[in-house]
file work_16.csv (CSV, C-alpha atoms)
chain,number,residue,atom,x,y,z
A,1452,ASN,CA,18.2,-8.4,5.8
A,1453,ALA,CA,15.1,-10.4,5.5
A,1454,GLY,CA,12.8,-7.4,5.4
A,1455,VAL,CA,9.2,-8.2,6.2
A,1456,THR,CA,8.4,-11.9,6.5
A,1457,GLN,CA,4.8,-13.1,6.4
A,1458,THR,CA,3.7,-16.7,7.2
A,1459,PRO,CA,1.9,-18.7,5.9
A,1460,LYS,CA,1.8,-17.7,2.2
A,1461,PHE,CA,-1.4,-19.7,1.7
A,1462,GLN,CA,-4.1,-21.0,4.0
A,1463,VAL,CA,-7.5,-22.6,3.7
A,1464,LEU,CA,-9.9,-22.4,6.6
A,1465,LYS,CA,-13.4,-23.5,7.3
A,1466,THR,CA,-15.9,-21.0,8.6
A,1467,GLY,CA,-15.6,-20.5,12.3
A,1468,GLN,CA,-12.0,-21.6,12.6
A,1469,SER,CA,-9.4,-19.4,14.1
A,1470,MET,CA,-5.9,-18.7,12.9
A,1471,THR,CA,-3.0,-16.2,13.1
A,1472,LEU,CA,-1.1,-14.6,10.3
A,1473,GLN,CA,2.4,-14.0,11.4
A,1474,CYS,CA,4.4,-10.9,10.5
A,1475,ALA,CA,8.0,-10.2,11.5
A,1476,GLN,CA,10.4,-7.4,10.4
A,1477,ASP,CA,14.1,-7.1,11.2
A,1478,MET,CA,14.6,-3.4,10.3
A,1479,ASN,CA,13.7,-2.0,13.7
A,1480,HIS,CA,10.7,-0.3,12.2
A,1481,GLU,CA,8.4,1.5,14.6
A,1482,TYR,CA,5.3,1.4,12.4
A,1483,MET,CA,3.7,-1.8,11.3
A,1484,SER,CA,0.3,-2.4,9.6
A,1485,TRP,CA,-1.9,-5.0,8.1
A,1486,TYR,CA,-3.8,-4.6,4.8
A,1487,ARG,CA,-6.2,-6.7,2.9
A,1488,GLN,CA,-6.5,-6.7,-0.9
A,1489,ASP,CA,-9.7,-7.5,-2.6
A,1490,PRO,CA,-10.5,-7.1,-6.3
A,1491,GLY,CA,-11.7,-3.7,-7.3
A,1492,MET,CA,-11.1,-2.3,-3.8
A,1493,GLY,CA,-7.4,-1.8,-3.7
A,1494,LEU,CA,-5.7,-2.4,-0.3
A,1495,ARG,CA,-7.6,-1.5,2.8
A,1496,LEU,CA,-6.0,-0.9,6.3
A,1497,ILE,CA,-7.1,-3.4,8.9
A,1498,HIS,CA,-5.0,-2.5,12.0
A,1499,TYR,CA,-1.8,-0.7,12.6
A,1500,SER,CA,0.8,-0.1,15.3
A,1501,VAL,CA,3.2,2.8,15.9
A,1502,GLY,CA,5.3,1.0,18.5
A,1503,ALA,CA,5.4,-1.9,20.9
A,1504,GLY,CA,2.2,-2.0,23.1
A,1505,ILE,CA,0.4,0.5,20.8
A,1506,THR,CA,-2.2,-0.6,18.3
A,1507,ASP,CA,-5.1,1.1,16.6
A,1508,GLN,CA,-7.9,0.3,14.1
A,1509,GLY,CA,-7.8,1.0,10.5
A,1510,GLU,CA,-10.6,1.1,7.9
A,1511,VAL,CA,-11.8,-2.5,8.2
A,1512,PRO,CA,-11.0,-3.9,11.7
A,1513,ASN,CA,-14.0,-6.0,12.4
A,1514,GLY,CA,-13.2,-9.7,12.8
A,1515,TYR,CA,-9.5,-9.2,13.4
A,1516,ASN,CA,-7.3,-8.7,16.4
A,1517,VAL,CA,-3.8,-7.6,16.7
A,1518,SER,CA,-1.1,-7.2,19.4
A,1519,ARG,CA,2.4,-5.7,19.4
A,1520,SER,CA,4.4,-7.1,22.2
A,1521,THR,CA,7.8,-6.6,20.5
A,1522,THR,CA,9.1,-4.2,17.9
A,1523,GLU,CA,9.7,-7.0,15.5
A,1524,ASP,CA,6.4,-8.9,15.5
A,1525,PHE,CA,2.8,-7.9,14.6
A,1526,PRO,CA,0.5,-10.9,14.3
A,1527,LEU,CA,-3.0,-10.7,12.9
A,1528,ARG,CA,-5.6,-13.0,14.5
A,1529,LEU,CA,-8.9,-14.2,13.0
A,1530,LEU,CA,-11.0,-15.4,15.9
A,1531,SER,CA,-13.8,-16.9,13.9
A,1532,ALA,CA,-13.2,-16.9,10.2
A,1533,ALA,CA,-15.9,-16.0,7.8
A,1534,PRO,CA,-16.1,-16.3,4.0
A,1535,SER,CA,-16.0,-12.5,3.7
A,1536,GLN,CA,-12.5,-12.7,5.1
A,1537,THR,CA,-11.2,-14.5,2.0
A,1538,SER,CA,-8.6,-12.2,0.7
A,1539,VAL,CA,-4.9,-11.5,0.3
A,1540,TYR,CA,-3.3,-10.0,3.4
A,1541,PHE,CA,-0.2,-7.8,3.4
A,1542,CYS,CA,1.9,-6.8,6.4
A,1543,ALA,CA,3.9,-3.6,5.9
A,1544,SER,CA,6.3,-1.7,8.0
A,1545,ARG,CA,8.4,1.5,8.0
A,1546,ARG,CA,10.3,3.8,10.2
A,1547,LYS,CA,8.7,6.6,12.0
A,1548,SER,CA,7.9,9.5,9.8
A,1549,GLY,CA,10.4,12.4,9.6
A,1550,GLN,CA,9.7,15.8,8.1
A,1551,THR,CA,10.1,14.5,4.6
A,1552,VAL,CA,9.3,11.1,3.0
A,1553,SER,CA,12.5,9.3,2.1
A,1554,GLY,CA,13.4,5.7,1.3
A,1555,ALA,CA,13.9,5.2,5.0
A,1556,ASN,CA,10.2,5.8,5.9
A,1557,VAL,CA,8.4,4.4,2.9
A,1558,LEU,CA,6.4,1.2,3.6
A,1559,THR,CA,8.1,-2.1,3.0
A,1560,PHE,CA,5.6,-4.8,2.2
A,1561,GLY,CA,5.7,-8.5,2.9
A,1562,ALA,CA,5.0,-11.0,0.1
A,1563,GLY,CA,1.4,-11.4,1.1
A,1564,SER,CA,-0.7,-14.3,2.4
A,1565,ARG,CA,-3.6,-15.7,0.5
A,1566,LEU,CA,-6.4,-16.8,2.8
A,1567,THR,CA,-9.5,-18.7,1.7
A,1568,VAL,CA,-12.4,-19.3,4.0
A,1569,LEU,CA,-14.8,-22.0,2.9
B,548,ALA,CA,-11.2,10.9,5.5
B,549,GLN,CA,-9.1,10.9,2.4
B,550,THR,CA,-10.1,9.0,-0.7
B,551,VAL,CA,-8.1,7.9,-3.7
B,552,THR,CA,-9.7,7.1,-7.1
B,553,GLN,CA,-8.3,5.4,-10.1
B,554,SER,CA,-10.9,5.6,-12.8
B,555,GLN,CA,-9.1,3.2,-15.2
B,556,PRO,CA,-9.6,-0.4,-14.2
B,557,GLU,CA,-7.5,-1.5,-17.2
B,558,MET,CA,-5.0,0.1,-19.6
B,559,SER,CA,-2.9,-1.3,-22.4
B,560,VAL,CA,0.2,-0.1,-24.2
B,561,GLN,CA,2.4,-1.2,-27.0
B,562,GLU,CA,6.0,-2.0,-26.1
B,563,ALA,CA,8.2,1.1,-26.4
B,564,GLU,CA,5.2,3.5,-26.3
B,565,THR,CA,4.1,5.8,-23.5
B,566,VAL,CA,1.1,5.3,-21.3
B,567,THR,CA,-0.4,7.5,-18.5
B,568,LEU,CA,-2.3,6.2,-15.6
B,569,SER,CA,-4.7,8.5,-13.8
B,570,CYS,CA,-5.3,9.1,-10.1
B,571,THR,CA,-7.3,11.7,-8.3
B,572,TYR,CA,-7.7,12.1,-4.6
B,573,ASP,CA,-9.8,14.0,-2.1
B,574,THR,CA,-8.3,15.7,1.0
B,575,SER,CA,-8.6,18.8,3.1
B,576,GLU,CA,-5.0,18.6,4.2
B,577,SER,CA,-2.3,20.9,2.7
B,578,ASP,CA,0.7,18.6,3.4
B,579,TYR,CA,0.8,15.0,2.3
B,580,TYR,CA,2.6,12.4,0.3
B,581,LEU,CA,1.5,10.6,-2.8
B,582,PHE,CA,2.9,7.3,-4.1
B,583,TRP,CA,2.6,4.9,-7.0
B,584,TYR,CA,3.1,1.2,-6.3
B,585,LYS,CA,3.5,-1.6,-8.8
B,586,GLN,CA,2.2,-5.1,-8.1
B,587,PRO,CA,3.4,-7.7,-10.6
B,588,PRO,CA,1.9,-11.2,-10.8
B,589,SER,CA,4.3,-12.2,-8.0
B,590,ARG,CA,2.1,-10.1,-5.7
B,591,GLN,CA,5.0,-8.2,-4.3
B,592,MET,CA,4.3,-4.5,-3.7
B,593,ILE,CA,7.0,-2.4,-5.2
B,594,LEU,CA,7.4,1.4,-4.8
B,595,VAL,CA,7.6,3.1,-8.2
B,596,ILE,CA,7.7,6.8,-7.3
B,597,ARG,CA,6.8,9.2,-4.5
B,598,GLN,CA,5.9,12.9,-4.4
B,599,GLU,CA,5.7,15.3,-1.5
B,600,ALA,CA,2.8,17.8,-1.8
B,601,TYR,CA,4.9,20.8,-0.9
B,602,LYS,CA,7.3,20.2,-3.8
B,603,GLN,CA,6.1,21.8,-7.0
B,604,GLN,CA,8.5,19.9,-9.1
B,605,ASN,CA,7.2,16.6,-10.5
B,606,ALA,CA,9.0,13.5,-9.4
B,607,THR,CA,10.8,11.3,-11.9
B,608,GLU,CA,12.5,7.9,-11.6
B,609,ASN,CA,14.1,6.8,-14.9
B,610,ARG,CA,11.2,6.0,-17.3
B,611,PHE,CA,8.6,6.9,-14.7
B,612,SER,CA,7.4,10.4,-14.0
B,613,VAL,CA,4.3,12.0,-12.5
B,614,ASN,CA,2.1,14.9,-13.3
B,615,PHE,CA,1.2,16.4,-9.9
B,616,GLN,CA,-1.6,19.0,-10.0
B,617,LYS,CA,-2.2,20.0,-6.4
B,618,ALA,CA,-5.1,22.3,-7.1
B,619,ALA,CA,-6.9,19.7,-9.2
B,620,LYS,CA,-5.9,16.9,-6.7
B,621,SER,CA,-4.6,14.9,-9.6
B,622,PHE,CA,-1.5,12.6,-9.6
B,623,SER,CA,-1.0,10.7,-12.8
B,624,LEU,CA,1.8,8.3,-13.7
B,625,LYS,CA,3.5,8.4,-17.0
B,626,ILE,CA,5.5,5.4,-18.2
B,627,SER,CA,7.8,6.1,-21.1
B,628,ASP,CA,9.4,3.5,-23.4
B,629,SER,CA,7.1,0.8,-21.9
B,630,GLN,CA,8.7,-2.6,-21.4
B,631,LEU,CA,7.1,-6.0,-21.0
B,632,GLY,CA,8.2,-6.1,-17.4
B,633,ASP,CA,6.1,-3.0,-16.7
B,634,ALA,CA,3.0,-5.2,-17.0
B,635,ALA,CA,1.4,-5.2,-13.5
B,636,MET,CA,-1.3,-3.7,-11.3
B,637,TYR,CA,-0.5,-0.1,-10.4
B,638,PHE,CA,-1.8,1.5,-7.2
B,639,CYS,CA,-1.9,5.1,-6.4
B,640,ALA,CA,-1.7,5.9,-2.7
B,641,TYR,CA,-2.0,8.8,-0.3
B,642,ARG,CA,-0.5,9.4,3.1
B,643,SER,CA,-0.9,12.3,5.5
B,644,ALA,CA,2.3,14.2,6.5
B,645,PRO,CA,3.1,13.8,10.2
B,646,HIS,CA,1.7,16.4,12.5
B,647,ALA,CA,1.2,16.5,16.3
B,648,GLY,CA,-1.8,14.6,17.5
B,649,GLY,CA,-2.9,13.5,14.1
B,650,THR,CA,-5.1,10.5,14.0
B,651,SER,CA,-4.3,9.7,10.5
B,652,TYR,CA,-0.7,9.2,11.4
B,653,GLY,CA,1.1,7.3,8.7
B,654,LYS,CA,-1.8,5.5,7.3
B,655,LEU,CA,-1.7,4.8,3.5
B,656,THR,CA,-4.9,5.0,1.6
B,657,PHE,CA,-4.9,3.2,-1.8
B,658,GLY,CA,-6.9,3.6,-5.0
B,659,GLN,CA,-8.6,0.6,-6.6
B,660,GLY,CA,-5.8,-0.2,-8.9
B,661,THR,CA,-5.2,-0.2,-12.7
B,662,ILE,CA,-4.1,-3.3,-14.5
B,663,LEU,CA,-1.5,-2.4,-17.2
B,664,THR,CA,-1.0,-4.8,-20.1
B,665,VAL,CA,2.0,-4.3,-22.3
B,666,HIS,CA,1.8,-5.7,-25.8
B,667,PRO,CA,4.9,-6.8,-27.7
call {"tool": "encode", "arguments": {"input": "work_16.csv", "output": "structure tokens"}}
result
Amino acid sequence: NAGVTQTPKFQVLKTGQSMTLQCAQDMNHEYMSWYRQDPGMGLRLIHYSVGAGITDQGEVPNGYNVSRSTTEDFPLRLLSAAPSQTSVYFCASRRKSGQTVSGANVLTFGAGSRLTVL
Amino acid sequence: AQTVTQSQPEMSVQEAETVTLSCTYDTSESDYYLFWYKQPPSRQMILVIRQEAYKQQNATENRFSVNFQKAAKSFSLKISDSQLGDAAMYFCAYRSAPHAGGTSYGKLTFGQGTILTVHP
């Protein structure tokens, strides 16, 4: 299994440009999410989805859009990039929660995408 | 909203020694999960250990163990017999247990991270 695949791994943008970070998982996970990692702030949730056609905002959603047309894919769109969006982005997925947390429903992370906005 | 605090930005340990990383959290929920993740220089997030709040017994995974103090809302990670490969950023994280209609369904809240250096 490939797990969670993120592309691209590195990207440099100019202010105002748009781009999409791709995320795909082959584990049939219902839950998918995007985080950004910034120094001294840990990982913060941007958007998440609990199934195809269902998305919701996380802690820092401004400037980002998502959609979930299939179970496998969860792209993150930056419509007009800003320097404040320079960060490392992680996609993560897991199975729907059961009554206990097990290896089956612990988050699996992608390798991360480093985005620089000039 | 839940918050997770790691008050130690950096820690260091000698190889083969023991180190403890601190984590506190704030929640009004009674049922939840706690995690420690490791992030080596490769940037990959790796689950180290997990704890369910309803379990009184502290979780252990080989050289890694936790001290879970529910009343104090404390969840520290102890690494025994430290190895050079343990050098990484460590994140403590909180997740609500699933419940009907919960708006915090499944979201993982992270602490700020602790950089662990292991000296040979």
call {"tool": "interface_residues", "arguments": {"input": "work_16.csv", "of": "chain A", "to": "chain B", "cutoff": "10 Å", "atoms": "only C-alpha atoms", "output": "compact mmCIF listing (two decimals) with C-alpha atoms, keeping the file's coordinate frame"}}
result
# COMPACT_ATOMS: atom_id res chain seq x y z
CA TYR A 1482 5.30 1.40 12.40
CA MET A 1483 3.70 -1.80 11.30
CA SER A 1484 0.30 -2.40 9.60
CA TYR A 1486 -3.80 -4.60 4.80
CA GLN A 1488 -6.50 -6.70 -0.90
CA ASP A 1489 -9.70 -7.50 -2.60
CA PRO A 1490 -10.50 -7.10 -6.30
CA GLY A 1491 -11.70 -3.70 -7.30
CA MET A 1492 -11.10 -2.30 -3.80
CA GLY A 1493 -7.40 -1.80 -3.70
CA LEU A 1494 -5.70 -2.40 -0.30
CA ARG A 1495 -7.60 -1.50 2.80
CA LEU A 1496 -6.00 -0.90 6.30
CA HIS A 1498 -5.00 -2.50 12.00
CA TYR A 1499 -1.80 -0.70 12.60
CA SER A 1500 0.80 -0.10 15.30
CA VAL A 1501 3.20 2.80 15.90
CA ASP A 1507 -5.10 1.10 16.60
CA GLY A 1509 -7.80 1.00 10.50
CA GLU A 1510 -10.60 1.10 7.90
CA VAL A 1539 -4.90 -11.50 0.30
CA PHE A 1541 -0.20 -7.80 3.40
CA ALA A 1543 3.90 -3.60 5.90
CA ARG A 1545 8.40 1.50 8.00
CA ARG A 1546 10.30 3.80 10.20
CA LYS A 1547 8.70 6.60 12.00
CA SER A 1548 7.90 9.50 9.80
CA GLY A 1549 10.40 12.40 9.60
CA GLN A 1550 9.70 15.80 8.10
CA THR A 1551 10.10 14.50 4.60
CA VAL A 1552 9.30 11.10 3.00
CA SER A 1553 12.50 9.30 2.10
CA GLY A 1554 13.40 5.70 1.30
CA ASN A 1556 10.20 5.80 5.90
CA VAL A 1557 8.40 4.40 2.90
CA LEU A 1558 6.40 1.20 3.60
CA THR A 1559 8.10 -2.10 3.00
CA PHE A 1560 5.60 -4.80 2.20
CA GLY A 1561 5.70 -8.50 2.90
CA ALA A 1562 5.00 -11.00 0.10
CA GLY A 1563 1.40 -11.40 1.10
CA SER A 1564 -0.70 -14.30 2.40
call {"tool": "residues_near_point", "arguments": {"input": "work_16.csv", "point": "(-11.1, -17.7, 11.3)", "cutoff": "9 Å", "atoms": "only C-alpha atoms", "output": "list in words"}}
result
Leu1464, Lys1465, Thr1466, Gly1467, Gln1468, Ser1469, Met1470, Thr1471, Gly1514, Tyr1515, Arg1528, Leu1529, Leu1530, Ser1531, Ala1532, Ala1533, Pro1534, Gln1536 and Val1568 of chain A
call {"tool": "residues_around", "arguments": {"input": "work_16.csv", "residues": "Asn614 in chain B", "least_positions_apart": "2", "cutoff": "8 Å", "atoms": "all atoms listed in the file", "output": "ChimeraX atom specification"}}
result
/B:605,612,616,621-625
call {"tool": "atom_distance", "arguments": {"input": "work_16.csv", "atom1": "CA of Lys620 in chain B", "atom2": "CA of Val1511 in chain A"}}
result
25.2 Å
call {"tool": "residues_around", "arguments": {"input": "work_16.csv", "residues": "Ser559 in chain B", "least_positions_apart": "4", "cutoff": "8 Å", "atoms": "only C-alpha atoms", "output": "list of chain:residue names"}}
result
B:Val566, B:Leu663, B:Thr664, B:Val665, B:His666
call {"tool": "closest_residue", "arguments": {"input": "work_16.csv", "among": "B:Gln630, B:Thr550, B:Asn609, B:Gln604", "to": "Asp573 in chain B", "atoms": "all atoms listed in the file"}}
result
B:Thr550
call {"tool": "atom_distance", "arguments": {"input": "work_16.csv", "atom1": "CA of Asn1479 in chain A", "atom2": "CA of Gly1454 in chain A"}}
result
9.9 Å
call {"tool": "atom_distance", "arguments": {"input": "work_16.csv", "atom1": "CA of Trp583 in chain B", "atom2": "CA of Tyr641 in chain B"}}
result
9.0 Å
call {"tool": "closest_residue", "arguments": {"input": "work_16.csv", "among": "A:Phe1461, A:Gln1508, A:Cys1542, A:Arg1565", "to": "Glu1523 in chain A", "atoms": "only C-alpha atoms"}}
result
A:Cys1542
call {"tool": "residues_near_point", "arguments": {"input": "work_16.csv", "point": "(8.6, 2.0, -25.0)", "cutoff": "6 Å", "atoms": "only C-alpha atoms", "output": "MDAnalysis selection string"}}
result
chainID B and resid 562:564 627:630
call {"tool": "decode", "arguments": {"input": "work_16.csv", "residues": "chain B", "atoms": "C-alpha atoms", "output": "mmCIF file, in the first residue's frame"}}
result
data_model
loop_
_atom_site.group_PDB
_atom_site.id
_atom_site.type_symbol
_atom_site.label_atom_id
_atom_site.label_comp_id
_atom_site.auth_asym_id
_atom_site.auth_seq_id
_atom_site.Cartn_x
_atom_site.Cartn_y
_atom_site.Cartn_z
ATOM 1 C CA ALA B 548 -11.819 24.077 22.808
ATOM 2 C CA GLN B 549 -9.064 21.774 23.899
ATOM 3 C CA THR B 550 -5.491 22.999 24.213
ATOM 4 C CA VAL B 551 -2.238 21.093 24.494
ATOM 5 C CA THR B 552 0.899 22.612 25.993
ATOM 6 C CA GLN B 553 4.465 21.386 25.779
ATOM 7 C CA SER B 554 6.498 23.678 27.988
ATOM 8 C CA GLN B 555 9.919 22.346 26.970
ATOM 9 C CA PRO B 556 10.949 23.695 23.556
ATOM 10 C CA GLU B 557 14.190 21.698 23.713
ATOM 11 C CA MET B 558 15.545 18.787 25.715
ATOM 12 C CA SER B 559 18.770 16.831 25.570
ATOM 13 C CA VAL B 560 19.871 13.455 26.860
ATOM 14 C CA GLN B 561 22.962 11.304 26.822
ATOM 15 C CA GLU B 562 22.809 8.087 24.881
ATOM 16 C CA ALA B 563 21.578 5.187 27.080
ATOM 17 C CA GLU B 564 20.087 7.595 29.643
ATOM 18 C CA THR B 565 16.419 8.303 30.361
ATOM 19 C CA VAL B 566 14.551 11.475 29.474
ATOM 20 C CA THR B 567 11.016 12.653 30.169
ATOM 21 C CA LEU B 568 9.085 15.027 27.937
ATOM 22 C CA SER B 569 6.222 16.967 29.482
ATOM 23 C CA CYS B 570 2.751 17.607 28.151
ATOM 24 C CA THR B 571 -0.319 19.146 29.751
ATOM 25 C CA TYR B 572 -3.730 19.625 28.241
ATOM 26 C CA ASP B 573 -6.948 21.392 28.995
ATOM 27 C CA THR B 574 -10.335 19.821 28.368
ATOM 28 C CA SER B 575 -13.783 19.569 29.876
ATOM 29 C CA GLU B 576 -14.359 16.159 28.311
ATOM 30 C CA SER B 577 -14.143 12.941 30.291
ATOM 31 C CA ASP B 578 -13.346 10.605 27.415
ATOM 32 C CA TYR B 579 -10.544 11.263 24.979
ATOM 33 C CA TYR B 580 -7.333 9.936 23.512
ATOM 34 C CA LEU B 581 -3.778 11.165 23.910
ATOM 35 C CA PHE B 582 -0.851 10.558 21.600
ATOM 36 C CA TRP B 583 2.849 11.156 21.248
ATOM 37 C CA TYR B 584 4.187 11.583 17.722
ATOM 38 C CA LYS B 585 7.815 11.681 16.655
ATOM 39 C CA GLN B 586 9.025 13.782 13.728
ATOM 40 C CA PRO B 587 12.610 13.044 12.674
ATOM 41 C CA PRO B 588 14.498 15.278 10.229
ATOM 42 C CA SER B 589 12.827 13.384 7.376
ATOM 43 C CA ARG B 590 9.646 15.256 8.403
ATOM 44 C CA GLN B 591 7.586 12.067 8.541
ATOM 45 C CA MET B 592 5.121 11.953 11.456
ATOM 46 C CA ILE B 593 5.448 8.676 13.339
ATOM 47 C CA LEU B 594 3.123 7.522 16.097
ATOM 48 C CA VAL B 595 5.086 6.622 19.223
ATOM 49 C CA ILE B 596 2.413 5.750 21.751
ATOM 50 C CA ARG B 597 -1.279 6.280 22.485
ATOM 51 C CA GLN B 598 -3.409 6.338 25.622
ATOM 52 C CA GLU B 599 -7.151 6.131 26.131
ATOM 53 C CA ALA B 600 -8.360 8.320 28.964
ATOM 54 C CA TYR B 601 -10.645 5.678 30.459
ATOM 55 C CA LYS B 602 -7.711 3.325 30.936
ATOM 56 C CA GLN B 603 -5.911 3.855 34.218
ATOM 57 C CA GLN B 604 -2.930 1.782 33.194
ATOM 58 C CA ASN B 605 -0.129 3.756 31.586
ATOM 59 C CA ALA B 606 0.674 2.748 28.022
ATOM 60 C CA THR B 607 4.085 1.317 27.167
ATOM 61 C CA GLU B 608 5.761 0.550 23.856
ATOM 62 C CA ASN B 609 9.189 -0.988 24.299
ATOM 63 C CA ARG B 610 11.479 1.818 25.544
ATOM 64 C CA PHE B 611 8.663 4.362 25.505
ATOM 65 C CA SER B 612 6.180 4.772 28.332
ATOM 66 C CA VAL B 613 3.813 7.451 29.520
ATOM 67 C CA ASN B 614 2.801 8.845 32.873
ATOM 68 C CA PHE B 615 -0.876 9.678 32.475
ATOM 69 C CA GLN B 616 -2.302 11.761 35.304
ATOM 70 C CA LYS B 617 -5.944 12.386 34.366
ATOM 71 C CA ALA B 618 -6.827 14.605 37.301
ATOM 72 C CA ALA B 619 -3.770 16.765 36.694
ATOM 73 C CA LYS B 620 -4.319 16.665 32.910
ATOM 74 C CA SER B 621 -0.733 15.628 32.407
ATOM 75 C CA PHE B 622 0.662 13.183 29.858
ATOM 76 C CA SER B 623 4.448 12.876 29.941
ATOM 77 C CA LEU B 624 6.584 10.628 27.742
ATOM 78 C CA LYS B 625 9.520 8.720 29.172
ATOM 79 C CA ILE B 626 12.193 7.409 26.835
ATOM 80 C CA SER B 627 14.466 4.830 28.436
ATOM 81 C CA ASP B 628 17.873 3.758 27.154
ATOM 82 C CA SER B 629 17.905 6.677 24.707
ATOM 83 C CA GLN B 630 19.337 6.003 21.272
ATOM 84 C CA LEU B 631 20.744 8.326 18.641
ATOM 85 C CA GLY B 632 17.759 7.476 16.459
ATOM 86 C CA ASP B 633 15.431 8.954 19.079
ATOM 87 C CA ALA B 634 16.616 12.448 18.177
ATOM 88 C CA ALA B 635 13.592 14.211 16.724
ATOM 89 C CA MET B 636 10.805 16.674 17.384
ATOM 90 C CA TYR B 637 8.151 15.137 19.639
ATOM 91 C CA PHE B 638 4.537 16.251 19.607
ATOM 92 C CA CYS B 639 1.878 15.557 22.175
ATOM 93 C CA ALA B 640 -1.660 15.435 20.762
ATOM 94 C CA TYR B 641 -5.252 15.210 21.989
ATOM 95 C CA ARG B 642 -8.316 13.807 20.293
ATOM 96 C CA SER B 643 -11.886 13.687 21.531
ATOM 97 C CA ALA B 644 -13.501 10.288 21.793
ATOM 98 C CA PRO B 645 -16.375 9.847 19.317
ATOM 99 C CA HIS B 646 -19.837 10.795 20.515
ATOM 100 C CA ALA B 647 -23.114 11.461 18.758
ATOM 101 C CA GLY B 648 -23.362 14.939 17.271
ATOM 102 C CA GLY B 649 -19.924 15.952 18.452
ATOM 103 C CA THR B 650 -18.462 18.862 16.543
ATOM 104 C CA SER B 651 -14.920 17.998 17.537
ATOM 105 C CA TYR B 652 -15.213 14.625 15.841
ATOM 106 C CA GLY B 653 -11.830 13.169 15.233
ATOM 107 C CA LYS B 654 -9.823 16.359 15.204
ATOM 108 C CA LEU B 655 -6.304 16.064 16.569
ATOM 109 C CA THR B 656 -4.975 19.014 18.575
ATOM 110 C CA PHE B 657 -1.190 19.246 18.822
ATOM 111 C CA GLY B 658 1.189 20.809 21.276
ATOM 112 C CA GLN B 659 4.000 23.076 20.135
ATOM 113 C CA GLY B 660 6.577 20.311 20.055
ATOM 114 C CA THR B 661 9.807 19.488 21.923
ATOM 115 C CA ILE B 662 13.096 19.058 20.099
ATOM 116 C CA LEU B 663 15.036 16.152 21.591
ATOM 117 C CA THR B 664 18.777 15.969 21.093
ATOM 118 C CA VAL B 665 20.632 12.761 21.936
ATOM 119 C CA HIS B 666 24.344 13.093 22.695
ATOM 120 C CA PRO B 667 26.668 10.151 22.055
#
